[in-house]
file protein.cif (mmCIF, C-alpha atoms)
data_model
loop_
_atom_site.label_atom_id
_atom_site.label_comp_id
_atom_site.auth_asym_id
_atom_site.auth_seq_id
_atom_site.Cartn_x
_atom_site.Cartn_y
_atom_site.Cartn_z
CA MET W 1 209.21 -14.57 60.78
CA GLU W 2 206.60 -14.47 58.05
CA PRO W 3 203.26 -15.94 59.13
CA THR W 4 202.33 -19.22 57.50
CA ILE W 5 199.52 -18.79 55.00
CA GLN W 6 196.93 -21.54 55.32
CA GLN W 7 195.87 -22.75 51.88
CA ASP W 8 192.24 -23.81 51.65
CA THR W 9 191.89 -27.20 50.02
CA PRO W 10 188.77 -27.89 47.98
CA ASP W 11 186.11 -29.94 49.72
CA PRO W 12 186.01 -33.26 47.82
CA ARG W 13 182.58 -34.14 49.13
CA VAL W 14 179.45 -33.85 47.02
CA HIS W 15 176.97 -31.38 48.51
CA ARG W 16 174.64 -31.09 45.51
CA ARG W 17 174.05 -33.76 42.90
CA ARG W 18 171.77 -34.08 39.89
CA VAL W 19 170.80 -37.62 38.93
CA PHE W 20 169.18 -38.65 35.64
CA TYR W 21 167.68 -42.12 35.67
CA ILE W 22 166.94 -43.78 32.31
CA PRO W 23 164.63 -46.78 32.79
CA GLY W 24 164.58 -49.86 30.66
CA TYR W 25 161.74 -50.93 28.36
CA ASP W 26 158.97 -50.24 30.88
CA PRO W 27 155.42 -48.96 30.22
CA ILE W 28 154.79 -48.16 33.88
CA HIS W 29 154.39 -44.57 35.11
CA PRO W 30 157.66 -43.18 36.53
CA ARG W 31 156.08 -42.71 39.98
CA ARG W 32 156.90 -46.40 40.39
CA TYR W 33 160.57 -45.50 40.57
CA ARG W 34 159.97 -42.80 43.17
CA GLU W 35 158.05 -45.21 45.37
CA LEU W 36 160.70 -47.89 44.89
CA TYR W 37 163.42 -45.39 45.86
CA ARG W 38 161.43 -44.22 48.90
CA LYS W 39 160.72 -47.72 50.19
CA GLU W 40 164.06 -49.34 49.45
CA GLY W 41 166.08 -46.25 50.40
CA ALA W 42 164.46 -46.21 53.84
CA ALA W 43 165.26 -49.91 54.25
CA GLN W 44 168.90 -49.46 53.20
CA ALA W 45 169.34 -46.41 55.45
CA LYS W 46 168.07 -48.40 58.43
CA ILE W 47 170.34 -51.34 57.65
CA SER W 48 173.45 -49.23 56.99
CA GLY W 49 172.92 -46.57 59.67
CA TYR W 50 172.41 -43.34 57.75
CA GLN W 51 169.54 -40.94 57.09
CA LEU W 52 167.64 -40.50 53.83
CA ALA W 53 164.60 -38.29 53.29
CA LEU W 54 162.53 -37.70 50.13
CA LYS W 55 160.63 -34.54 49.20
CA PRO W 56 158.99 -33.23 46.01
CA LYS W 57 161.52 -32.18 43.36
CA LYS W 58 162.82 -28.62 43.19
CA THR W 59 164.04 -28.55 39.59
CA GLY W 60 162.15 -28.58 36.28
CA GLY W 61 161.60 -31.64 34.16
CA PRO W 62 158.79 -34.14 33.72
CA TYR W 63 159.17 -36.30 36.83
CA GLY W 64 161.48 -36.72 39.80
CA TRP W 65 162.09 -36.17 43.51
CA HIS W 66 164.45 -34.48 45.97
CA VAL W 67 166.63 -36.48 48.37
CA LYS W 68 168.52 -35.27 51.42
CA SER W 69 170.99 -37.62 53.08
CA THR W 70 173.16 -37.51 56.17
CA ILE W 71 175.96 -40.04 55.88
CA ASP W 72 179.03 -40.04 58.14
CA GLY W 73 178.13 -36.53 59.27
CA ALA W 74 178.00 -35.13 55.72
CA VAL W 75 174.78 -33.66 54.35
CA THR W 76 174.10 -34.09 50.63
CA GLU W 77 171.13 -33.02 48.53
CA ALA W 78 170.24 -34.70 45.27
CA GLU W 79 167.69 -33.93 42.59
CA ILE W 80 166.68 -37.15 40.85
CA GLU W 81 164.84 -37.05 37.54
CA VAL W 82 163.40 -39.92 35.51
CA LEU W 83 164.04 -39.45 31.80
CA VAL W 84 160.73 -40.75 30.54
CA TRP W 85 160.21 -42.85 27.42
CA SER W 86 157.41 -45.03 28.80
CA ASP W 87 154.98 -43.42 26.34
CA ILE W 88 157.08 -44.76 23.45
CA VAL W 89 157.10 -48.17 25.11
CA LYS W 90 153.30 -48.13 25.54
CA THR W 91 152.81 -47.28 21.89
CA SER W 92 155.10 -50.12 20.80
CA MET W 93 153.15 -52.53 23.01
CA SER W 94 149.72 -51.58 21.66
CA ARG W 95 149.77 -54.24 18.96
CA GLY W 96 147.10 -56.89 18.69
CA ILE W 97 147.48 -60.64 18.84
CA LEU W 98 148.17 -61.23 15.14
CA ALA W 99 150.65 -58.34 15.01
CA THR W 100 152.48 -59.77 18.03
CA TYR W 101 152.90 -63.14 16.32
CA MET W 102 154.21 -61.33 13.26
CA GLN W 103 156.67 -59.54 15.56
CA LEU W 104 157.71 -62.92 16.90
CA ALA W 105 158.54 -64.19 13.42
CA HIS W 106 160.46 -61.02 12.55
CA THR W 107 162.42 -61.06 15.82
CA VAL W 108 163.41 -64.71 15.40
CA TYR W 109 164.56 -63.96 11.87
CA ALA W 110 166.52 -60.89 13.04
CA TYR W 111 168.49 -62.77 15.68
CA VAL W 112 168.80 -66.18 14.04
CA GLY W 113 169.29 -64.94 10.50
CA SER W 114 172.05 -62.54 11.56
CA GLY W 115 173.78 -65.16 13.69
CA ALA W 116 173.50 -62.86 16.72
CA LEU W 117 171.51 -65.40 18.75
CA PHE W 118 174.27 -68.00 18.70
CA ARG W 119 177.00 -65.47 19.50
CA LEU W 120 174.98 -64.07 22.38
CA ALA W 121 174.39 -67.57 23.75
CA GLY W 122 178.15 -67.97 24.00
CA LEU W 123 178.33 -65.06 26.44
CA ARG W 124 175.62 -65.78 29.00
CA LYS W 125 172.88 -68.39 28.98
CA GLY W 126 170.55 -66.44 31.29
CA PRO W 127 169.63 -63.60 28.91
CA MET W 128 169.18 -66.10 26.09
CA ILE W 129 166.74 -68.14 28.17
CA ALA W 130 164.93 -64.88 28.96
CA ALA W 131 164.86 -64.04 25.25
CA LEU W 132 163.61 -67.47 24.20
CA TYR W 133 161.00 -67.63 26.96
CA PRO W 134 158.37 -65.36 25.29
CA ILE W 135 158.89 -67.04 21.93
CA VAL W 136 158.39 -70.54 23.32
CA PHE W 137 155.55 -69.46 25.60
CA LEU W 138 153.63 -67.71 22.82
CA LEU W 139 154.11 -70.65 20.46
CA VAL W 140 152.88 -73.07 23.14
CA GLN W 141 149.83 -70.86 23.64
CA LEU W 142 149.17 -70.89 19.90
CA LEU W 143 149.62 -74.66 19.70
CA PHE W 144 147.28 -75.25 22.63
CA ALA W 145 144.66 -72.92 21.14
CA CYS W 146 144.92 -74.64 17.75
CA LEU W 147 144.60 -78.12 19.24
CA ALA W 148 141.61 -77.06 21.31
CA GLY W 149 140.06 -75.37 18.28
CA TRP W 150 140.67 -78.45 16.15
CA GLY W 151 139.08 -80.72 18.74
CA ILE W 152 135.97 -78.56 19.16
CA GLY W 153 135.76 -78.04 15.41
CA GLU W 154 135.79 -81.79 14.78
CA LEU W 155 132.93 -82.31 17.23
CA VAL W 156 130.81 -79.51 15.80
CA ALA W 157 131.54 -80.66 12.24
CA TRP W 158 129.29 -83.64 12.91
CA VAL W 159 126.44 -81.14 12.70
CA HIS W 160 127.82 -79.24 9.71
CA PRO W 161 131.38 -78.78 8.33
CA LEU W 162 131.07 -75.00 8.08
CA LEU W 163 129.88 -74.81 11.67
CA GLY W 164 132.90 -76.91 12.63
CA TRP W 165 135.30 -74.47 10.98
CA ALA W 166 133.57 -71.49 12.62
CA ALA W 167 133.56 -73.12 16.06
CA GLY W 168 137.22 -74.11 15.77
CA LEU W 169 138.35 -70.64 14.74
CA GLY W 170 136.20 -69.11 17.48
CA VAL W 171 137.81 -71.28 20.14
CA ILE W 172 141.31 -70.47 18.88
CA TRP W 173 140.65 -66.73 18.96
CA ALA W 174 138.93 -66.84 22.36
CA LEU W 175 141.82 -68.73 23.93
CA LEU W 176 144.44 -66.42 22.44
CA ARG W 177 142.53 -63.40 23.78
CA ALA W 178 142.33 -65.03 27.20
CA PHE W 179 146.08 -65.72 27.20
CA LYS W 180 146.76 -62.08 26.35
CA ARG W 181 144.53 -60.88 29.22
CA TRP W 182 146.50 -63.10 31.60
CA ASP W 183 149.87 -61.78 30.43
CA ASN W 184 150.37 -59.69 33.58
CA LYS W 185 151.10 -63.03 35.25
CA VAL W 186 153.55 -64.49 32.72
CA PHE W 187 154.91 -61.43 30.80
CA ALA W 188 155.22 -63.27 27.49
CA TYR W 189 153.70 -60.47 25.41
CA TYR W 190 155.64 -57.83 27.34
CA LEU W 191 159.00 -59.51 26.75
CA MET W 192 158.15 -60.21 23.12
CA HIS W 193 157.47 -56.52 22.53
CA ASP W 194 160.72 -55.65 24.34
CA TYR W 195 162.96 -57.79 22.12
CA ALA W 196 160.97 -56.92 19.02
CA TYR W 197 161.48 -53.19 19.62
CA SER W 198 165.25 -53.59 19.40
CA ALA W 199 165.06 -56.02 16.50
CA GLN W 200 162.56 -54.12 14.35
CA ALA W 201 165.28 -52.08 12.60
CA GLY W 202 168.15 -54.51 13.06
CA GLY W 203 169.53 -52.60 16.04
CA ALA W 204 169.09 -49.07 14.68
CA ASN W 205 167.14 -46.63 16.85
CA PRO W 206 163.62 -45.75 15.62
CA PRO W 207 163.14 -42.01 14.84
CA GLU W 208 160.89 -41.39 17.84
CA LEU W 209 163.51 -42.82 20.17
CA GLU W 210 166.30 -40.73 18.61
CA ALA W 211 164.19 -37.60 19.15
CA ARG W 212 163.65 -38.49 22.81
CA MET W 213 167.35 -39.19 23.31
CA THR W 214 168.12 -35.71 21.97
CA ALA W 215 165.81 -34.26 24.63
CA PHE W 216 167.61 -36.34 27.26
CA ARG W 217 170.96 -34.96 26.12
CA LEU W 218 169.76 -31.37 26.34
CA SER W 219 168.49 -31.89 29.90
CA ILE W 220 171.81 -33.36 31.02
CA ALA W 221 173.81 -30.63 29.27
CA GLU W 222 171.77 -27.96 31.05
CA ALA W 223 172.33 -29.57 34.45
CA LEU W 224 176.11 -29.53 33.99
CA THR W 225 176.11 -25.72 34.27
CA GLN W 226 173.68 -25.34 37.20
CA GLY W 227 176.20 -25.50 40.05
CA PHE W 228 175.93 -29.16 40.98
CA ASP W 229 179.06 -30.90 42.25
CA GLU W 230 178.23 -34.03 40.29
CA VAL W 231 175.85 -34.93 37.49
CA LEU W 232 175.18 -38.66 37.48
CA VAL W 233 173.48 -40.62 34.69
CA VAL W 234 172.05 -44.03 35.61
CA GLY W 235 170.96 -46.37 32.83
CA HIS W 236 169.14 -49.54 33.85
CA SER W 237 168.59 -52.57 31.59
CA SER W 238 167.72 -51.27 28.09
CA GLY W 239 168.20 -47.76 29.43
CA ALA W 240 171.94 -48.47 29.64
CA HIS W 241 172.46 -48.53 25.88
CA LEU W 242 170.31 -45.39 25.51
CA ALA W 243 172.55 -43.68 28.07
CA VAL W 244 175.68 -44.72 26.13
CA SER W 245 174.46 -42.97 22.99
CA VAL W 246 173.13 -39.92 24.86
CA LEU W 247 176.44 -39.41 26.66
CA ALA W 248 178.51 -40.03 23.54
CA ASP W 249 176.56 -37.27 21.75
CA LEU W 250 176.98 -35.00 24.77
CA LEU W 251 180.76 -35.43 24.84
CA ARG W 252 181.08 -34.98 21.09
CA GLU W 253 179.54 -31.54 21.54
CA GLY W 254 182.07 -30.76 24.27
CA LEU W 255 181.40 -30.11 27.95
CA PRO W 256 181.00 -26.48 29.01
CA ALA W 257 183.69 -24.70 31.05
CA GLY W 258 183.23 -25.23 34.76
CA SER W 259 181.15 -28.33 34.19
CA ALA W 260 180.18 -30.55 37.11
CA GLN W 261 181.81 -33.96 37.49
CA LEU W 262 180.10 -36.39 35.13
CA GLY W 263 179.44 -39.96 36.19
CA PHE W 264 177.69 -42.85 34.46
CA VAL W 265 176.41 -46.04 36.08
CA SER W 266 175.03 -48.81 33.87
CA LEU W 267 172.97 -51.34 35.85
CA GLY W 268 171.89 -54.79 34.71
CA GLN W 269 172.81 -53.90 31.14
CA VAL W 270 171.66 -55.84 28.09
CA VAL W 271 173.79 -53.89 25.60
CA PRO W 272 174.84 -56.95 23.52
CA MET W 273 171.19 -57.71 22.68
CA VAL W 274 171.31 -54.57 20.52
CA SER W 275 174.99 -54.06 19.71
CA PHE W 276 175.30 -57.56 18.17
CA LEU W 277 172.62 -56.79 15.56
CA PRO W 278 173.78 -55.85 12.04
CA LYS W 279 172.38 -52.30 11.90
CA ALA W 280 173.47 -51.21 15.39
CA LYS W 281 176.28 -49.16 13.87
CA ARG W 282 175.39 -46.07 15.85
CA LEU W 283 175.51 -47.90 19.18
CA ARG W 284 178.80 -49.63 18.32
CA GLY W 285 180.34 -46.30 17.39
CA ASP W 286 179.10 -44.74 20.62
CA LEU W 287 180.51 -47.60 22.71
CA HIS W 288 183.87 -47.21 20.96
CA TYR W 289 183.91 -43.45 21.50
CA LEU W 290 182.62 -43.29 25.08
CA SER W 291 184.96 -46.00 26.35
CA ALA W 292 188.02 -43.80 25.72
CA ARG W 293 186.78 -40.46 27.10
CA ASN W 294 188.30 -39.08 30.29
CA GLU W 295 185.54 -36.48 30.80
CA LEU W 296 183.43 -39.01 32.67
CA PHE W 297 183.72 -41.99 35.01
CA TRP W 298 181.75 -45.07 33.91
CA VAL W 299 180.97 -48.01 36.20
CA ASP W 300 179.09 -51.05 34.92
CA VAL W 301 177.31 -53.02 37.66
CA THR W 302 175.76 -56.44 37.05
CA ALA W 303 175.47 -59.68 39.00
CA PRO W 304 175.63 -63.34 37.95
CA GLY W 305 172.43 -63.85 39.92
CA ASP W 306 170.56 -61.61 37.50
CA GLY W 307 169.51 -63.94 34.70
CA CYS W 308 168.17 -61.08 32.58
CA ALA W 309 171.49 -59.18 32.28
CA PHE W 310 174.78 -59.92 30.58
CA ALA W 311 176.50 -60.29 33.91
CA LEU W 312 180.13 -59.12 34.06
CA CYS W 313 180.30 -58.87 30.26
CA ASP W 314 182.21 -55.73 29.33
CA PRO W 315 179.76 -54.24 26.78
CA VAL W 316 182.50 -52.51 24.79
CA ALA W 317 184.91 -55.44 24.67
CA VAL W 318 182.39 -58.18 23.89
CA THR W 319 180.98 -56.08 21.06
CA GLY W 320 184.47 -56.03 19.58
CA VAL W 321 184.81 -52.23 19.38
CA ALA W 322 187.29 -51.56 22.18
CA PRO W 323 189.83 -48.88 21.14
CA PRO W 324 193.55 -49.21 22.06
CA ASP W 325 193.17 -46.44 24.67
CA LYS W 326 190.04 -47.89 26.27
CA LEU W 327 189.32 -46.61 29.78
CA TRP W 328 185.76 -47.75 30.48
CA PRO W 329 183.67 -49.24 31.79
CA LEU W 330 184.90 -50.39 35.17
CA VAL W 331 183.07 -53.72 35.39
CA ILE W 332 182.08 -54.78 38.91
CA SER W 333 179.64 -57.21 40.46
CA ALA W 334 176.78 -56.45 42.81
CA ALA W 335 177.38 -60.01 44.07
CA PHE W 336 173.81 -60.86 45.03
CA THR W 337 174.78 -64.12 46.71
CA GLN W 338 177.09 -62.21 49.07
CA THR W 339 175.19 -58.96 49.59
CA LEU W 340 171.86 -60.67 50.21
CA SER W 341 171.47 -62.94 53.23
CA PRO W 342 170.87 -66.64 52.52
CA GLU W 343 167.26 -66.19 53.59
CA ARG W 344 166.71 -63.20 51.31
CA TRP W 345 168.52 -64.87 48.41
CA LYS W 346 166.37 -67.99 48.80
CA GLU W 347 163.29 -65.78 48.67
CA LEU W 348 164.36 -63.92 45.51
CA ARG W 349 166.52 -66.27 43.46
CA TRP W 350 163.69 -67.59 41.25
CA LYS W 351 161.95 -64.20 40.91
CA PHE W 352 163.86 -63.24 37.78
CA PHE W 353 162.14 -59.95 37.05
CA ARG W 354 162.43 -58.81 40.67
CA LEU W 355 166.15 -59.67 40.70
CA HIS W 356 166.64 -57.55 37.58
CA PHE W 357 165.56 -54.57 39.72
CA GLN W 358 167.66 -55.51 42.75
CA TYR W 359 170.28 -52.92 41.76
CA LEU W 360 167.73 -50.26 42.73
CA CYS W 361 166.88 -51.94 46.03
CA ALA W 362 168.23 -52.49 49.52
CA PHE W 363 170.77 -55.19 50.40
CA ASP W 364 170.55 -56.73 53.85
CA ARG W 365 174.28 -57.59 53.78
CA PRO W 366 175.53 -54.49 51.98
CA GLY W 367 178.92 -54.47 50.29
CA GLU W 368 180.65 -51.78 48.25
CA TYR W 369 177.68 -51.24 45.94
CA ASP W 370 174.94 -49.10 47.48
CA TYR W 371 172.59 -47.44 44.99
CA PHE W 372 171.43 -44.87 47.53
CA GLN W 373 174.90 -43.77 48.61
CA ILE W 374 175.92 -43.53 44.95
CA THR W 375 172.93 -41.36 44.03
CA ALA W 376 172.51 -39.38 47.26
CA GLY W 377 175.71 -39.74 49.29
CA PRO W 378 178.66 -37.35 49.79
CA VAL W 379 181.19 -39.32 47.71
CA SER W 380 181.37 -38.89 43.95
CA LEU W 381 181.30 -41.92 41.67
CA ALA W 382 184.91 -41.32 40.67
CA ASP W 383 186.16 -41.06 44.25
CA ARG W 384 184.11 -44.07 45.33
CA TYR W 385 185.57 -46.41 42.70
CA ARG W 386 188.82 -44.75 41.60
CA ASP W 387 191.06 -47.42 43.12
CA ARG W 388 188.68 -50.32 42.65
CA PRO W 389 190.04 -53.00 40.28
CA PRO W 390 187.59 -54.55 37.81
CA SER W 391 186.04 -57.91 38.54
CA LYS W 392 188.45 -60.75 37.84
CA SER W 393 185.66 -62.85 36.34
CA ARG W 394 184.60 -60.25 33.78
CA VAL W 395 184.17 -61.35 30.16
CA GLU W 396 186.11 -59.34 27.56
CA ARG W 397 186.20 -61.76 24.61
CA ALA W 398 185.03 -60.04 21.42
CA ALA W 399 182.01 -62.07 20.29
CA SER W 400 179.93 -59.93 17.94
CA GLY W 401 179.92 -60.78 14.25
CA TYR W 402 179.22 -57.14 13.37
CA ARG W 403 181.78 -54.51 14.30
CA ASP W 404 181.28 -51.73 11.76
CA MET W 405 180.51 -48.36 13.31
CA ALA W 406 178.71 -45.17 12.36
#
call {"tool": "encode", "arguments": {"input": "protein.cif", "output": "structure tokens"}}
result
Amino acid sequence: MEPTIQQDTPDPRVHRRRVFYIPGYDPIHPRRYRELYRKEGAAQAKISGYQLALKPKKTGGPYGWHVKSTIDGAVTEAEIEVLVWSDIVKTSMSRGILATYMQLAHTVYAYVGSGALFRLAGLRKGPMIAALYPIVFLLVQLLFACLAGWGIGELVAWVHPLLGWAAGLGVIWALLRAFKRWDNKVFAYYLMHDYAYSAQAGGANPPELEARMTAFRLSIAEALTQGFDEVLVVGHSSGAHLAVSVLADLLREGLPAGSAQLGFVSLGQVVPMVSFLPKAKRLRGDLHYLSARNELFWVDVTAPGDGCAFALCDPVAVTGVAPPDKLWPLVISAAFTQTLSPERWKELRWKFFRLHFQYLCAFDRPGEYDYFQITAGPVSLADRYRDRPPSKSRVERAASGYRDMA
């Protein structure tokens, strides 16, 4: 009798992973993300019963860290890199008070004049409230400063009219400067710069951002040939639409032979804020293209509790550019009200900016979404969600008034 030949089956587990994290519109140094990962990863590991350890990064690149996990007996190593564009954000935020109010007028015109504001409001109210907040807050500040300046000016005018004008203008300017210094408490200027950056060219990417996205693409392309089992791209908030365009360009070039598995996770995305604008032709074309490619696995994670994201809105479908053979994204919910205990939810529910970062944090009642297992665990993104149906409450109604593509 011939001996039976044992066929070795490939190990489906991920032993080595490269993760590229693209932040949203954030001027903060990327070490913030390392510290957030360290703190929240340790908390999630304790809650869920696995091990997670961080060390300095071993690969090249501007900023990142190394993670080693032991989950269900499997050891996985991950190199996580932050794809930095915070310097571009800082430059865009370096405008003075008058320039910011000019930005406000231009941004209002861009969204209202194009009709995008009203179409976006029909999707989710939360992001629209977040978008209107800096506009209203800055206008209230201006009104208060003007009223105070008028009142002081009228009093001083009893001495001399010119002194009254000077005093009134001085009070207005002093109050506006004070409000700007206090913005780290209310984030009105920060949010205004955020929305203005997308609106400044009607949804088209500024040249400096396009150049940075090209650098991102080259880094990801290089990693695909370095022996990793999986290369995972994570785009958070505004970083999600950057990741869409970066990956679309990458796939148009063609993946190299023997490429690692390619995964894409969009977290707390605000894609419609850009894709609904008239000149966002490049982004709309990239959404159309990427949504039908089988070279990657794309999961879109949002939560109705996140008032800053377009929760459960399929970014391709609502933009109106879904092709007939659409595959992606798989839209799922992080379900904050279920994956956070009532006590924790009560503590966080009105902290809107903190909730927008919850996708990167620990859940004290963890469900199927675990950021740390996705980025550092032994199961690939495709294997983790292959049989997972999309959320039943997802929104797929095409709502954008602009659907032309580049």
call {"tool": "residues_around", "arguments": {"input": "protein.cif", "residues": "segment 130-139 of chain W", "least_positions_apart": "4", "cutoff": "7 Å", "atoms": "all atoms listed in the file", "output": "number ranges by chain"}}
result
W: 104, 126, 143, 188-189, 191-192, 308
call {"tool": "resolve_selection", "arguments": {"input": "protein.cif", "expression": "the PyMOL selection byres ((chain W and resi 357) around 9)", "output": "ChimeraX atom specification"}}
result
/W:236-237,267-268,306,353-356,358-361
call {"tool": "atom_distance", "arguments": {"input": "protein.cif", "atom1": "atom CA of Ala406 of chain W", "atom2": "atom CA of Asp194 of chain W"}}
result
24.0 Å
call {"tool": "resolve_selection", "arguments": {"input": "protein.cif", "expression": "the PyMOL selection byres ((chain W and resi 376) around 9)", "output": "JSON, numbers by chain"}}
result
{"W": [14, 16, 17, 19, 52, 67, 68, 69, 76, 77, 78, 79, 80, 371, 372, 373, 374, 375, 377, 378, 379]}
call {"tool": "closest_residue", "arguments": {"input": "protein.cif", "among": "W:Phe228, W:Phe276, W:Trp345, W:Trp150", "to": "Val318 of chain W", "atoms": "all atoms listed in the file"}}
result
W:Phe276
call {"tool": "decode", "arguments": {"input": "protein.cif", "residues": "segment 299-373 of chain W", "atoms": "C-alpha atoms", "output": "short mmCIF file (atom, residue, chain, number, x, y, z; two decimals), in the first residue's frame"}}
result
data_model
loop_
_atom_site.label_atom_id
_atom_site.label_comp_id
_atom_site.auth_asym_id
_atom_site.auth_seq_id
_atom_site.Cartn_x
_atom_site.Cartn_y
_atom_site.Cartn_z
CA VAL W 299 -14.88 47.55 6.02
CA ASP W 300 -16.55 50.83 6.99
CA VAL W 301 -17.13 51.20 10.74
CA THR W 302 -19.25 53.99 12.22
CA ALA W 303 -21.73 54.29 15.07
CA PRO W 304 -24.99 56.25 15.45
CA GLY W 305 -23.63 57.49 18.76
CA ASP W 306 -20.88 59.37 16.95
CA GLY W 307 -22.46 62.70 16.06
CA CYS W 308 -19.44 63.78 14.00
CA ALA W 309 -19.60 60.91 11.47
CA PHE W 310 -22.05 59.92 8.77
CA ALA W 311 -23.08 56.86 10.72
CA LEU W 312 -23.99 53.79 8.66
CA CYS W 313 -24.07 55.85 5.45
CA ASP W 314 -22.47 53.84 2.66
CA PRO W 315 -20.06 56.50 1.30
CA VAL W 316 -20.14 55.10 -2.24
CA ALA W 317 -23.90 54.65 -2.47
CA VAL W 318 -24.95 57.95 -0.90
CA THR W 319 -22.58 59.81 -3.21
CA GLY W 320 -24.45 58.25 -6.11
CA VAL W 321 -21.42 56.63 -7.78
CA ALA W 322 -22.01 52.96 -6.99
CA PRO W 323 -21.12 50.77 -10.01
CA PRO W 324 -23.30 47.75 -10.97
CA ASP W 325 -20.61 45.36 -9.69
CA LYS W 326 -20.11 47.15 -6.37
CA LEU W 327 -18.44 45.04 -3.67
CA TRP W 328 -17.50 47.55 -0.97
CA PRO W 329 -17.59 48.81 1.62
CA LEU W 330 -19.03 46.37 4.12
CA VAL W 331 -20.88 48.82 6.37
CA ILE W 332 -21.07 47.81 10.03
CA SER W 333 -21.76 49.54 13.33
CA ALA W 334 -19.47 49.82 16.32
CA ALA W 335 -22.74 50.04 18.30
CA PHE W 336 -21.53 52.29 21.11
CA THR W 337 -24.72 51.88 23.13
CA GLN W 338 -24.18 48.11 23.21
CA THR W 339 -20.39 47.85 23.40
CA LEU W 340 -20.06 50.46 26.13
CA SER W 341 -21.61 49.81 29.53
CA PRO W 342 -24.47 52.11 30.57
CA GLU W 343 -22.13 53.81 33.02
CA ARG W 344 -19.43 54.39 30.41
CA TRP W 345 -21.97 55.53 27.80
CA LYS W 346 -23.45 58.01 30.27
CA GLU W 347 -19.97 59.37 30.89
CA LEU W 348 -19.14 59.79 27.18
CA ARG W 349 -22.37 60.44 25.32
CA TRP W 350 -22.13 64.26 25.41
CA LYS W 351 -18.36 64.34 24.79
CA PHE W 352 -18.72 64.51 21.02
CA PHE W 353 -15.06 64.86 20.11
CA ARG W 354 -14.05 62.03 22.45
CA LEU W 355 -16.73 59.75 20.96
CA HIS W 356 -15.37 60.46 17.49
CA PHE W 357 -12.15 58.76 18.66
CA GLN W 358 -13.88 55.85 20.39
CA TYR W 359 -13.12 53.59 17.40
CA LEU W 360 -9.46 53.75 18.48
CA CYS W 361 -10.26 53.02 22.12
CA ALA W 362 -11.24 50.19 24.44
CA PHE W 363 -14.82 48.96 24.86
CA ASP W 364 -15.82 47.64 28.27
CA ARG W 365 -18.52 45.43 26.71
CA PRO W 366 -16.65 44.42 23.55
CA GLY W 367 -18.51 43.06 20.54
CA GLU W 368 -17.24 42.03 17.13
CA TYR W 369 -15.35 45.27 16.54
CA ASP W 370 -12.01 45.41 18.34
CA TYR W 371 -9.50 47.90 16.92
CA PHE W 372 -6.57 46.17 18.60
CA GLN W 373 -7.41 42.68 17.38
#
